[in-house]
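Q: Structure file final_39.cif (mmCIF, C-alpha atoms) right here:
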```cif
data_input
loop_
_atom_site.label_atom_id
_atom_site.label_comp_id
_atom_site.auth_asym_id
_atom_site.auth_seq_id
_atom_site.Cartn_x
_atom_site.Cartn_y
_atom_site.Cartn_z
CA MET P 1 0.00 0.00 0.00
CA ARG P 2 1.15 3.50 -0.88
CA LEU P 3 -0.80 6.43 0.50
CA VAL P 4 -0.87 9.94 -0.94
CA VAL P 5 -2.14 12.39 1.69
CA GLY P 6 -3.23 16.02 1.52
CA THR P 7 -1.22 18.16 3.92
CA ASN P 8 -2.47 21.03 6.06
CA PHE P 9 1.14 22.25 6.49
CA ASP P 10 1.25 21.32 10.16
CA ASP P 11 4.75 19.91 10.66
CA LYS P 12 3.42 17.70 13.46
CA LEU P 13 1.39 15.93 10.82
CA ILE P 14 4.59 14.65 9.20
CA ASP P 15 5.69 13.12 12.50
CA GLU P 16 2.47 11.10 12.53
CA LEU P 17 2.40 10.21 8.83
CA LYS P 18 5.84 8.63 8.88
CA LYS P 19 4.38 5.86 11.07
CA TYR P 20 2.24 4.72 8.14
CA PRO P 21 2.82 3.79 4.47
CA VAL P 22 2.57 7.40 3.30
CA ARG P 23 4.78 7.93 0.27
CA TYR P 24 3.60 11.37 -0.80
CA ILE P 25 1.93 14.44 0.60
CA PHE P 26 0.37 17.09 -1.60
CA GLY P 27 -0.67 20.68 -1.29
CA SER P 28 -0.11 24.22 -2.53
CA LYS P 29 -0.10 27.84 -1.59
CA THR P 30 -3.51 29.28 -0.84
CA LYS P 31 -3.84 31.28 -4.05
CA THR P 32 -1.65 30.54 -7.07
CA LEU P 33 -0.98 31.66 -10.60
CA THR P 34 -2.89 28.76 -12.14
CA GLY P 35 -5.35 27.98 -9.36
CA HIS P 36 -5.90 24.49 -8.02
CA GLY P 37 -8.50 22.05 -6.74
CA ARG P 38 -9.51 23.67 -3.47
CA ALA P 39 -11.06 27.07 -2.93
CA SER P 40 -8.51 29.37 -1.28
CA PHE P 41 -10.67 30.18 1.73
CA VAL P 42 -10.56 26.60 3.08
CA LEU P 43 -6.75 26.36 3.09
CA PRO P 44 -4.00 27.66 5.40
CA GLN P 45 -1.86 30.60 4.33
CA VAL P 46 1.49 29.36 2.98
CA ASP P 47 4.41 31.36 1.59
CA ASP P 48 7.66 30.22 -0.03
CA GLU P 49 9.49 29.90 3.27
CA ARG P 50 6.76 27.81 4.90
CA LEU P 51 6.47 25.64 1.80
CA LYS P 52 10.21 24.98 1.66
CA GLU P 53 10.41 24.13 5.37
CA HIS P 54 7.48 21.73 5.18
CA ILE P 55 8.86 20.01 2.09
CA GLN P 56 12.23 19.54 3.78
CA ILE P 57 10.61 18.00 6.86
CA ALA P 58 8.69 15.63 4.58
CA HIS P 59 11.87 14.69 2.72
CA ASP P 60 13.64 14.01 6.01
CA ALA P 61 10.82 11.57 6.78
CA GLY P 62 11.21 9.86 3.41
CA ILE P 63 8.01 11.40 2.02
CA LYS P 64 7.84 13.18 -1.35
CA PHE P 65 5.88 16.37 -2.01
CA LEU P 66 3.54 16.90 -4.97
CA TYR P 67 2.38 20.43 -5.73
CA THR P 68 -1.26 20.83 -6.75
CA MET P 69 -1.59 22.77 -9.97
CA ASN P 70 -4.82 20.98 -10.79
CA THR P 71 -7.00 23.81 -11.96
CA ALA P 72 -9.88 22.92 -14.27
CA THR P 73 -9.42 26.15 -16.24
CA LEU P 74 -6.83 28.81 -17.00
CA ASN P 75 -9.52 31.12 -18.36
CA GLY P 76 -7.78 31.31 -21.73
CA LYS P 77 -4.53 32.68 -20.32
CA GLU P 78 -2.64 29.98 -22.22
CA TYR P 79 -2.77 32.36 -25.19
CA SER P 80 -0.74 35.02 -23.36
CA GLN P 81 3.04 35.02 -23.74
CA LYS P 82 3.30 37.03 -20.54
CA PHE P 83 1.37 34.34 -18.67
CA LEU P 84 3.57 31.58 -20.09
CA GLU P 85 6.68 33.41 -18.92
CA SER P 86 5.15 33.80 -15.46
CA LEU P 87 4.23 30.12 -15.42
CA LYS P 88 7.80 29.14 -16.27
CA LYS P 89 9.09 31.27 -13.38
CA GLU P 90 6.48 29.76 -11.06
CA ILE P 91 7.51 26.20 -11.90
CA ASP P 92 11.22 27.04 -11.66
CA ASN P 93 10.66 28.53 -8.21
CA LEU P 94 8.66 25.55 -6.98
CA VAL P 95 11.32 23.13 -8.20
CA ASN P 96 13.95 25.18 -6.36
CA LEU P 97 11.81 24.97 -3.22
CA GLY P 98 11.99 21.18 -3.45
CA VAL P 99 8.73 19.93 -4.96
CA ASP P 100 9.10 16.43 -6.41
CA GLY P 101 6.30 16.71 -8.93
CA PHE P 102 2.98 18.24 -9.82
CA ILE P 103 -0.66 17.22 -9.83
CA VAL P 104 -2.32 18.80 -12.86
CA GLY P 105 -5.77 18.71 -14.39
CA MET P 106 -5.15 20.06 -17.90
CA PRO P 107 -3.23 18.52 -20.84
CA PHE P 108 -1.65 21.91 -21.51
CA LEU P 109 0.08 21.82 -18.14
CA VAL P 110 1.23 18.23 -18.68
CA HIS P 111 3.00 19.25 -21.89
CA PHE P 112 4.33 22.52 -20.46
CA ILE P 113 5.89 20.94 -17.37
CA LYS P 114 7.23 17.88 -19.18
CA ASN P 115 8.87 20.10 -21.81
CA GLU P 116 10.69 22.06 -19.11
CA TYR P 117 11.31 19.28 -16.59
CA PRO P 118 10.94 15.86 -18.23
CA ASP P 119 12.04 13.99 -15.08
CA LEU P 120 9.50 15.57 -12.72
CA GLU P 121 6.63 13.35 -11.66
CA ILE P 122 3.29 14.32 -13.14
CA SER P 123 0.03 13.06 -11.65
CA ILE P 124 -3.17 13.57 -13.61
CA SER P 125 -5.73 15.02 -11.22
CA SER P 126 -9.23 13.68 -10.74
CA PHE P 127 -10.22 17.12 -12.10
CA SER P 128 -9.31 15.69 -15.51
CA ARG P 129 -12.29 13.36 -14.96
CA VAL P 130 -10.72 10.32 -16.60
CA TYR P 131 -13.71 8.08 -17.05
CA ASN P 132 -12.85 5.62 -19.82
CA ILE P 133 -9.93 3.69 -21.23
CA ARG P 134 -9.40 6.01 -24.20
CA GLU P 135 -8.94 9.05 -21.97
CA PHE P 136 -6.60 7.00 -19.82
CA GLU P 137 -4.50 6.01 -22.85
CA GLU P 138 -4.25 9.61 -23.99
CA TYR P 139 -2.68 10.66 -20.70
CA VAL P 140 -0.33 7.68 -20.76
CA ASN P 141 0.82 8.81 -24.20
CA MET P 142 1.39 12.35 -22.89
CA GLY P 143 3.92 10.95 -20.44
CA ALA P 144 1.92 11.01 -17.22
CA ASP P 145 3.52 9.11 -14.35
CA THR P 146 0.30 8.64 -12.37
CA ILE P 147 -3.36 8.91 -13.29
CA ILE P 148 -5.81 9.67 -10.50
CA LEU P 149 -9.09 8.28 -11.71
CA HIS P 150 -12.44 10.04 -11.54
CA GLU P 151 -14.12 9.19 -8.23
CA ASP P 152 -17.01 7.67 -10.19
CA ASP P 153 -14.61 4.97 -11.44
CA ASN P 154 -14.12 3.49 -7.98
CA ARG P 155 -16.86 0.89 -8.34
CA ASN P 156 -16.54 0.42 -12.09
CA PHE P 157 -14.69 -2.88 -11.82
CA SER P 158 -15.01 -3.56 -15.52
CA LEU P 159 -12.96 -0.44 -16.25
CA LEU P 160 -10.52 -1.08 -13.41
CA ASN P 161 -9.88 -4.59 -14.72
CA SER P 162 -9.23 -3.18 -18.20
CA LEU P 163 -6.76 -0.65 -16.87
CA SER P 164 -4.74 -3.19 -14.91
CA LYS P 165 -2.70 -4.04 -18.02
CA TYR P 166 -1.18 -0.55 -17.92
CA ARG P 167 0.36 -0.99 -14.47
CA ASN P 168 3.87 -1.33 -15.92
CA LYS P 169 3.51 1.98 -17.76
CA VAL P 170 1.78 4.24 -15.27
CA ASP P 171 0.60 4.31 -11.68
CA ILE P 172 -3.14 4.15 -11.08
CA GLU P 173 -4.36 6.11 -8.07
CA LEU P 174 -7.81 5.98 -6.47
CA ILE P 175 -9.31 8.57 -4.13
CA LEU P 176 -10.50 6.88 -0.96
CA ASN P 177 -12.59 9.37 0.94
CA ASN P 178 -14.30 11.99 -1.20
CA SER P 179 -18.05 12.20 -0.67
CA CYS P 180 -19.06 13.46 -4.10
CA LEU P 181 -22.45 12.34 -5.33
CA TRP P 182 -22.51 9.41 -7.70
CA GLY P 183 -23.17 10.90 -11.14
CA CYS P 184 -23.00 14.41 -9.71
CA PRO P 185 -24.48 17.05 -12.06
CA TYR P 186 -22.84 19.84 -10.05
CA ARG P 187 -19.26 18.55 -10.29
CA ARG P 188 -18.12 20.50 -13.35
CA THR P 189 -19.42 23.75 -11.87
CA HIS P 190 -17.76 22.96 -8.55
CA ASP P 191 -14.44 22.19 -10.26
CA ILE P 192 -14.46 25.54 -12.02
CA ILE P 193 -15.46 27.51 -8.92
CA SER P 194 -12.69 25.88 -6.87
CA SER P 195 -10.21 26.63 -9.65
CA VAL P 196 -11.22 30.24 -10.21
CA THR P 197 -11.43 31.17 -6.54
CA SER P 198 -7.90 29.83 -5.94
CA GLN P 199 -6.29 31.90 -8.73
CA SER P 200 -4.20 34.83 -7.57
CA ASP P 201 -5.77 37.27 -10.05
CA SER P 202 -9.35 36.16 -9.47
CA GLU P 203 -11.98 38.79 -8.91
CA VAL P 204 -14.41 36.20 -7.54
CA ASN P 205 -14.58 37.08 -3.86
CA VAL P 206 -16.64 34.46 -2.06
CA TRP P 207 -16.45 32.44 1.14
CA PHE P 208 -18.49 29.35 0.24
CA GLU P 209 -18.82 27.14 -2.85
CA TYR P 210 -22.52 27.04 -3.63
CA PRO P 211 -22.50 23.66 -5.50
CA ILE P 212 -22.01 22.04 -2.08
CA LEU P 213 -25.44 23.40 -1.14
CA PHE P 214 -26.98 21.66 -4.15
CA CYS P 215 -25.15 18.46 -3.25
CA ALA P 216 -26.32 18.64 0.37
CA THR P 217 -29.89 19.06 -0.84
CA ASP P 218 -29.69 15.83 -2.82
CA VAL P 219 -28.28 14.00 0.22
CA ARG P 220 -30.90 15.52 2.52
CA ASN P 221 -33.68 14.39 0.16
CA ASP P 222 -32.34 10.84 -0.14
CA LEU P 223 -29.88 9.62 2.49
CA ALA P 224 -29.13 6.53 0.40
CA ASN P 225 -27.07 8.92 -1.73
CA ILE P 226 -24.43 8.57 0.98
CA ILE P 227 -24.04 4.90 0.05
CA ARG P 228 -24.01 5.72 -3.66
CA MET P 229 -20.99 7.99 -3.12
CA ARG P 230 -17.78 6.42 -4.39
CA TRP P 231 -15.73 6.44 -1.18
CA ILE P 232 -13.84 3.25 -0.41
CA ARG P 233 -14.04 1.67 3.03
CA PRO P 234 -10.75 0.62 4.68
CA GLU P 235 -12.05 -2.96 4.80
CA ASP P 236 -12.64 -2.98 1.03
CA LEU P 237 -9.15 -2.03 -0.10
CA ARG P 238 -8.46 -5.70 -0.76
CA HIS P 239 -10.74 -5.64 -3.79
CA TYR P 240 -8.46 -3.10 -5.42
CA GLU P 241 -5.20 -4.62 -4.28
CA GLU P 242 -6.32 -7.87 -5.93
CA LEU P 243 -6.31 -5.89 -9.20
CA GLY P 244 -2.78 -4.68 -8.52
CA ILE P 245 -3.85 -1.17 -7.50
CA ASP P 246 -1.96 -0.17 -4.35
CA ARG P 247 -1.75 3.61 -4.59
CA PHE P 248 -4.51 5.48 -2.79
CA LYS P 249 -5.21 9.15 -2.10
CA ILE P 250 -6.66 10.56 1.11
CA ALA P 251 -8.27 13.94 0.45
CA SER P 252 -7.54 16.01 3.53
CA ARG P 253 -5.68 19.26 2.93
CA ASN P 254 -8.44 21.37 4.46
CA LYS P 255 -8.68 19.12 7.54
CA LYS P 256 -7.16 19.30 11.01
CA THR P 257 -4.21 17.08 11.90
CA ASP P 258 -6.16 14.75 14.22
CA TRP P 259 -8.74 14.17 11.48
CA ILE P 260 -6.09 13.36 8.89
CA VAL P 261 -4.23 10.98 11.19
CA ARG P 262 -7.47 9.16 12.04
CA ALA P 263 -8.19 8.58 8.36
CA VAL P 264 -4.62 7.54 7.55
CA LYS P 265 -4.58 5.09 10.47
CA ALA P 266 -7.91 3.56 9.44
CA TYR P 267 -6.87 2.98 5.84
CA SER P 268 -3.41 1.76 6.82
CA GLN P 269 -4.92 -0.80 9.18
CA GLY P 270 -7.73 -1.76 6.81
CA ARG P 271 -10.48 -1.24 9.37
CA TYR P 272 -12.51 1.41 11.11
CA GLU P 273 -15.01 0.82 13.89
CA GLY P 274 -17.19 3.88 13.98
CA ASN P 275 -19.05 6.37 11.82
CA LEU P 276 -17.71 6.10 8.28
CA LEU P 277 -18.45 9.81 7.89
CA ASP P 278 -15.63 10.50 10.36
CA ILE P 279 -13.04 9.53 7.74
CA VAL P 280 -14.68 10.79 4.55
CA SER P 281 -14.92 14.45 3.57
CA TYR P 282 -18.72 14.94 4.01
CA PRO P 283 -19.02 18.74 3.58
CA GLN P 284 -22.75 18.18 3.05
CA GLY P 285 -23.25 17.51 6.74
CA ARG P 286 -20.42 19.60 8.17
CA ALA P 287 -20.25 22.77 6.10
CA VAL P 288 -23.79 23.35 4.92
CA PRO P 289 -25.61 23.34 8.29
CA ALA P 290 -22.96 25.71 9.70
CA VAL P 291 -23.19 27.98 6.67
CA MET P 292 -26.98 28.15 6.93
CA LYS P 293 -26.66 29.29 10.54
CA LYS P 294 -24.23 32.05 9.56
CA ILE P 295 -26.63 33.54 7.04
CA ASN P 296 -29.83 32.81 8.93
CA GLY P 297 -30.85 30.28 6.32
CA PRO P 298 -33.23 27.34 6.75
CA ASN P 299 -32.49 24.60 9.28
CA ASP P 300 -33.45 21.86 6.79
CA TYR P 301 -29.87 20.62 6.65
CA ASP P 302 -29.34 20.17 10.40
CA VAL P 303 -30.44 16.55 10.12
CA LEU P 304 -27.27 15.81 8.13
CA THR P 305 -25.21 16.40 11.26
CA GLN P 306 -27.07 13.54 12.95
CA VAL P 307 -26.37 10.86 10.34
CA TYR P 308 -24.39 7.83 11.50
CA VAL P 309 -23.04 5.32 8.99
CA ASP P 310 -22.02 2.30 11.05
CA ASN P 311 -18.95 1.00 9.28
CA THR P 312 -19.15 -2.32 11.13
CA LYS P 313 -22.57 -3.21 9.72
CA PHE P 314 -21.72 -3.43 6.03
CA PRO P 315 -22.12 -7.00 4.74
CA PRO P 316 -18.60 -8.47 4.28
CA ASN P 317 -18.86 -8.78 0.51
CA TRP P 318 -21.26 -5.92 -0.16
CA LEU P 319 -18.89 -4.35 -2.72
CA SER P 320 -18.87 -7.49 -4.87
CA TYR P 321 -22.29 -6.51 -6.21
CA PHE P 322 -20.61 -3.79 -8.27
CA LYS P 323 -18.34 -6.32 -9.94
CA TYR P 324 -21.30 -7.87 -11.71
CA ASN P 325 -23.66 -4.93 -12.18
CA SER P 326 -23.19 -1.76 -14.18
CA CYS P 327 -24.18 1.46 -12.43
CA GLU P 328 -23.37 3.29 -15.66
CA THR P 329 -26.28 1.71 -17.51
CA ARG P 330 -28.83 0.98 -14.81
CA SER P 331 -31.08 3.44 -13.00
CA CYS P 332 -30.66 3.74 -9.24
CA GLU P 333 -34.45 3.81 -8.91
CA GLU P 334 -34.63 0.48 -10.69
CA CYS P 335 -31.68 -1.12 -8.91
CA ARG P 336 -32.10 0.07 -5.30
CA TYR P 337 -29.13 -1.95 -4.04
CA CYS P 338 -27.67 1.08 -2.25
CA ASP P 339 -31.08 1.72 -0.64
CA ILE P 340 -30.94 -1.78 0.84
CA ILE P 341 -27.44 -1.19 2.21
CA ALA P 342 -28.49 2.20 3.57
CA GLU P 343 -31.24 0.53 5.58
CA LYS P 344 -28.63 -1.76 7.16
CA VAL P 345 -25.99 0.80 8.08
CA ILE P 346 -27.51 4.29 8.42
CA THR P 347 -29.23 5.71 11.47
CA VAL P 348 -30.34 9.28 12.16
CA GLN P 349 -30.34 10.37 15.80
CA GLY P 350 -30.23 6.68 16.66
CA LYS P 351 -33.31 5.83 14.60
CA PRO P 352 -33.19 3.37 11.69
CA LEU P 353 -33.59 4.86 8.25
CA SER P 354 -36.97 3.16 7.85
CA GLU P 355 -38.34 5.43 10.59
CA ILE P 356 -37.07 8.63 9.02
CA SER P 357 -39.46 10.58 6.81
CA LEU P 358 -38.31 13.97 5.58
CA PRO P 359 -40.22 16.28 3.25
CA LYS P 360 -38.38 17.01 0.01
CA ILE P 361 -36.75 20.41 -0.28
CA LYS P 362 -35.28 22.49 -3.10
CA PRO P 363 -31.90 24.22 -2.93
CA PRO P 364 -32.42 27.80 -1.76
CA ILE P 365 -30.64 29.41 -4.72
CA GLU P 366 -31.79 32.85 -3.62
CA LEU P 367 -29.19 32.61 -0.83
CA ILE P 368 -26.21 32.27 -3.18
CA PRO P 369 -25.44 36.03 -3.28
CA ARG P 370 -24.94 35.89 0.50
CA PHE P 371 -21.87 33.71 -0.07
CA SER P 372 -20.04 36.71 -1.51
CA LYS P 373 -17.57 38.46 0.76
CA ASP P 374 -18.98 41.70 -0.60
CA ALA P 375 -22.38 40.87 0.85
CA SER P 376 -23.40 42.30 4.20
CA ASN P 377 -23.45 38.84 5.81
CA GLU P 378 -19.84 37.80 5.53
CA GLY P 379 -18.98 34.23 6.43
CA SER P 380 -15.86 32.41 7.47
CA LYS P 381 -13.71 29.59 6.15
CA ASP P 382 -14.38 26.92 8.72
CA HIS P 383 -15.76 24.26 6.39
#
```
Would you mind writing the structure in this file as structure tokens?
A:
Amino acid sequence: MRLVVGTNFDDKLIDELKKYPVRYIFGSKTKTLTGHGRASFVLPQVDDERLKEHIQIAHDAGIKFLYTMNTATLNGKEYSQKFLESLKKEIDNLVNLGVDGFIVGMPFLVHFIKNEYPDLEISISSFSRVYNIREFEEYVNMGADTIILHEDDNRNFSLLNSLSKYRNKVDIELILNNSCLWGCPYRRTHDIISSVTSQSDSEVNVWFEYPILFCATDVRNDLANIIRMRWIRPEDLRHYEELGIDRFKIASRNKKTDWIVRAVKAYSQGRYEGNLLDIVSYPQGRAVPAVMKKINGPNDYDVLTQVYVDNTKFPPNWLSYFKYNSCETRSCEECRYCDIIAEKVITVQGKPLSEISLPKIKPPIELIPRFSKDASNEGSKDH
């Protein structure tokens, strides 16, 4: 097992991570020239000096550092010679600070970095949304060292089996603990908002990413959506290791050190006895209720803070169902397998899911302007 872990730039985190099979950490400055995969307001402030110190501490622990340059858009700045010169200086500086490679989400950046530094490691971000074998092959041909698959691929065992033949050419990496909706219609918008708000020249001045509100609404209206999410339980890593996939990412760079260590320990040990939501990202139930309180919004989302997914109650071979059934071609309403699992493992305030009846709600889109820092109700970055 090789773990790739998001860092919060707490040096104490490195002391803990070196106890486990962590081979890489990843992160970036808060706002950057290109932007990256996390909105700036959820990340710690990091300058060159802090970055260099943290990288050196990681290197001393035998852990490499990957810099996230995984924006979903450059807003057309690729056409500017001035921007390209600035990008070259940015990469040169980061290499001098000690980064071992980059995580990128755009083919342009793959070619640009490989042209300048052919020996640097390049990981293709999940923001590239690699979802089929042809896309995968294209990135292999570009010279990618690692391809982080789209979260939706995690239970597509037909695809994962097909990709196993490429293991000698490229590393395959799976994200373990994102809580994105299965088949999320808000993902592309969310990718772009995260990218734009983390760019140093961005004029978008907000404190919350509104697609999370849409996502939370879908979860609130159907708690079985939590089971449909493509997280991977620690106990189920064996299904992937049997395919020869042993490189896994823990999304965590906006989390506190204790939270990160808990998740790393659980996945390293292959077990977790508790609420599965304690080791997956779950902004639906953490961020949205808090945000609604800050802007005096509805309390419809408070119930999400009371959800308990008992990780010990999953049937031992529950994941095998996905090896023989295609979620890509079958309606969830027709299948209902995840609904059955939800009934077994989810409780709300101690009550079984069968006893929970919630009226459907719509996302309160009229509240979106309140997420601007220019609005009178300014929020904070605690999600």
Q: Give me the residues near stretch 58-71 of chain P as an MDAnalysis selection string, where near means some atom within 8 Å (using only C-alpha atoms) and where sequence neighbours in that chain fewer than 2 positions away do not count.
A: chainID P and resid 14:15 18 22:28 34:37 54:56 73:74 98:106 125 127 191:192 194:196
Q: Smallest atom-to-atom distance to P:Phe371: which of P:Val307, P:Val206, P:Leu237, P:Leu223, using only C-alpha atoms?
A: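 Closest candidate: P:Val206.
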Q: Once the PyMOL selection byres ((chain P and resi 43) around 10) is applied to the coordinates I shared, what remains selected? I want it as a list in words.
A: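 This file gives the following for the PyMOL selection byres ((chain P and resi 43) around 10): Thr7, Asn8, Phe9, Gly27, Ser28, Lys29, Thr30, Lys31, Arg38, Ala39, Ser40, Phe41, Val42, Pro44, Gln45, Val46, Ser198, Arg253, Asn254, Lys255, Lys381, Asp382 and His383 of chain P.
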Q: From the options P:Ile295, P:Cys215, P:Leu276, P:Leu319, which residue's atoms come nearest to P:Asp236, counting only C-alpha atoms?
A: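 Of P:Ile295, P:Cys215, P:Leu276, P:Leu319, the one nearest P:Asp236, counting only C-alpha atoms, is P:Leu319.
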Q: Using only C-alpha atoms, I'd like a table of the residues in stretch 255-345 of chain P that come within 8 Å of stretch 138-160 of chain P; for each, show the closest atom pair and its distance in Å rounded to one decimal, ordered by chain and ascending number, as a tab-separated table.
A:
```
residue	atom	partner	partner_atom	distance
P:Leu319	CA	P:Arg155	CA	7.9
P:Phe322	CA	P:Arg155	CA	6.0
P:Lys323	CA	P:Phe157	CA	5.4
P:Ser326	CA	P:Asn156	CA	7.3
P:Cys327	CA	P:Asn156	CA	7.7
```
Q: Enter the distance from atom CA of P:Ile113 to atom CA of P:Ser164, in Å, rounded to one decimal.
A: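 Atom CA of P:Ser164 lies at a distance of 26.5 Å from atom CA of P:Ile113.
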Q: Report as a short mmCIF file (atom, residue, chain, number, x, y, z; two decimals) with C-alpha atoms, in the frame of the given file the full result of the PyMOL selection byres ((chain P and resi 2) around 6) when it is applied to this structure.
A:
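Output (result.cif):
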```
data_model
loop_
_atom_site.label_atom_id
_atom_site.label_comp_id
_atom_site.auth_asym_id
_atom_site.auth_seq_id
_atom_site.Cartn_x
_atom_site.Cartn_y
_atom_site.Cartn_z
CA MET P 1 0.00 0.00 0.00
CA LEU P 3 -0.80 6.43 0.50
CA PRO P 21 2.82 3.79 4.47
CA VAL P 22 2.57 7.40 3.30
CA ARG P 23 4.78 7.93 0.27
CA ASP P 246 -1.96 -0.17 -4.35
CA ARG P 247 -1.75 3.61 -4.59
#
```
Q: Decode the PyMOL selection byres ((chain P and resi 347) around 10) for the given file into explicit residues and return them as a list of chain:residue names.
A: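 Evaluating the PyMOL selection byres ((chain P and resi 347) around 10) on this file yields P:Leu223, P:Gln306, P:Val307, P:Tyr308, P:Val309, P:Asp310, P:Ala342, P:Glu343, P:Lys344, P:Val345, P:Ile346, P:Val348, P:Gln349, P:Gly350, P:Lys351, P:Pro352, P:Leu353, P:Ser354, P:Glu355, P:Ile356.
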Q: Kindly indicate which residue among P:Glu241, P:Phe208, P:Ser126, P:Glu328 lies nearest to P:Lys294, using all atoms listed in the file for the distances.
A: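 With all atoms listed in the file as the atom set, the closest residue is P:Phe208.
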Q: Out of P:Ile361, P:Met229, P:Val303, P:Leu176, which residue has the shortest atom-to-atom distance to P:Ala266 when counting only C-alpha atoms?
A: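 Of P:Ile361, P:Met229, P:Val303, P:Leu176, the one nearest P:Ala266, counting only C-alpha atoms, is P:Leu176.
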Q: With all atoms listed in the file as the atoms that count, which of P:Cys180, P:Leu304, P:Leu17, P:Ile341 lies nearest to P:Val4?
A: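 Smallest distance to P:Val4 is found for P:Leu17.
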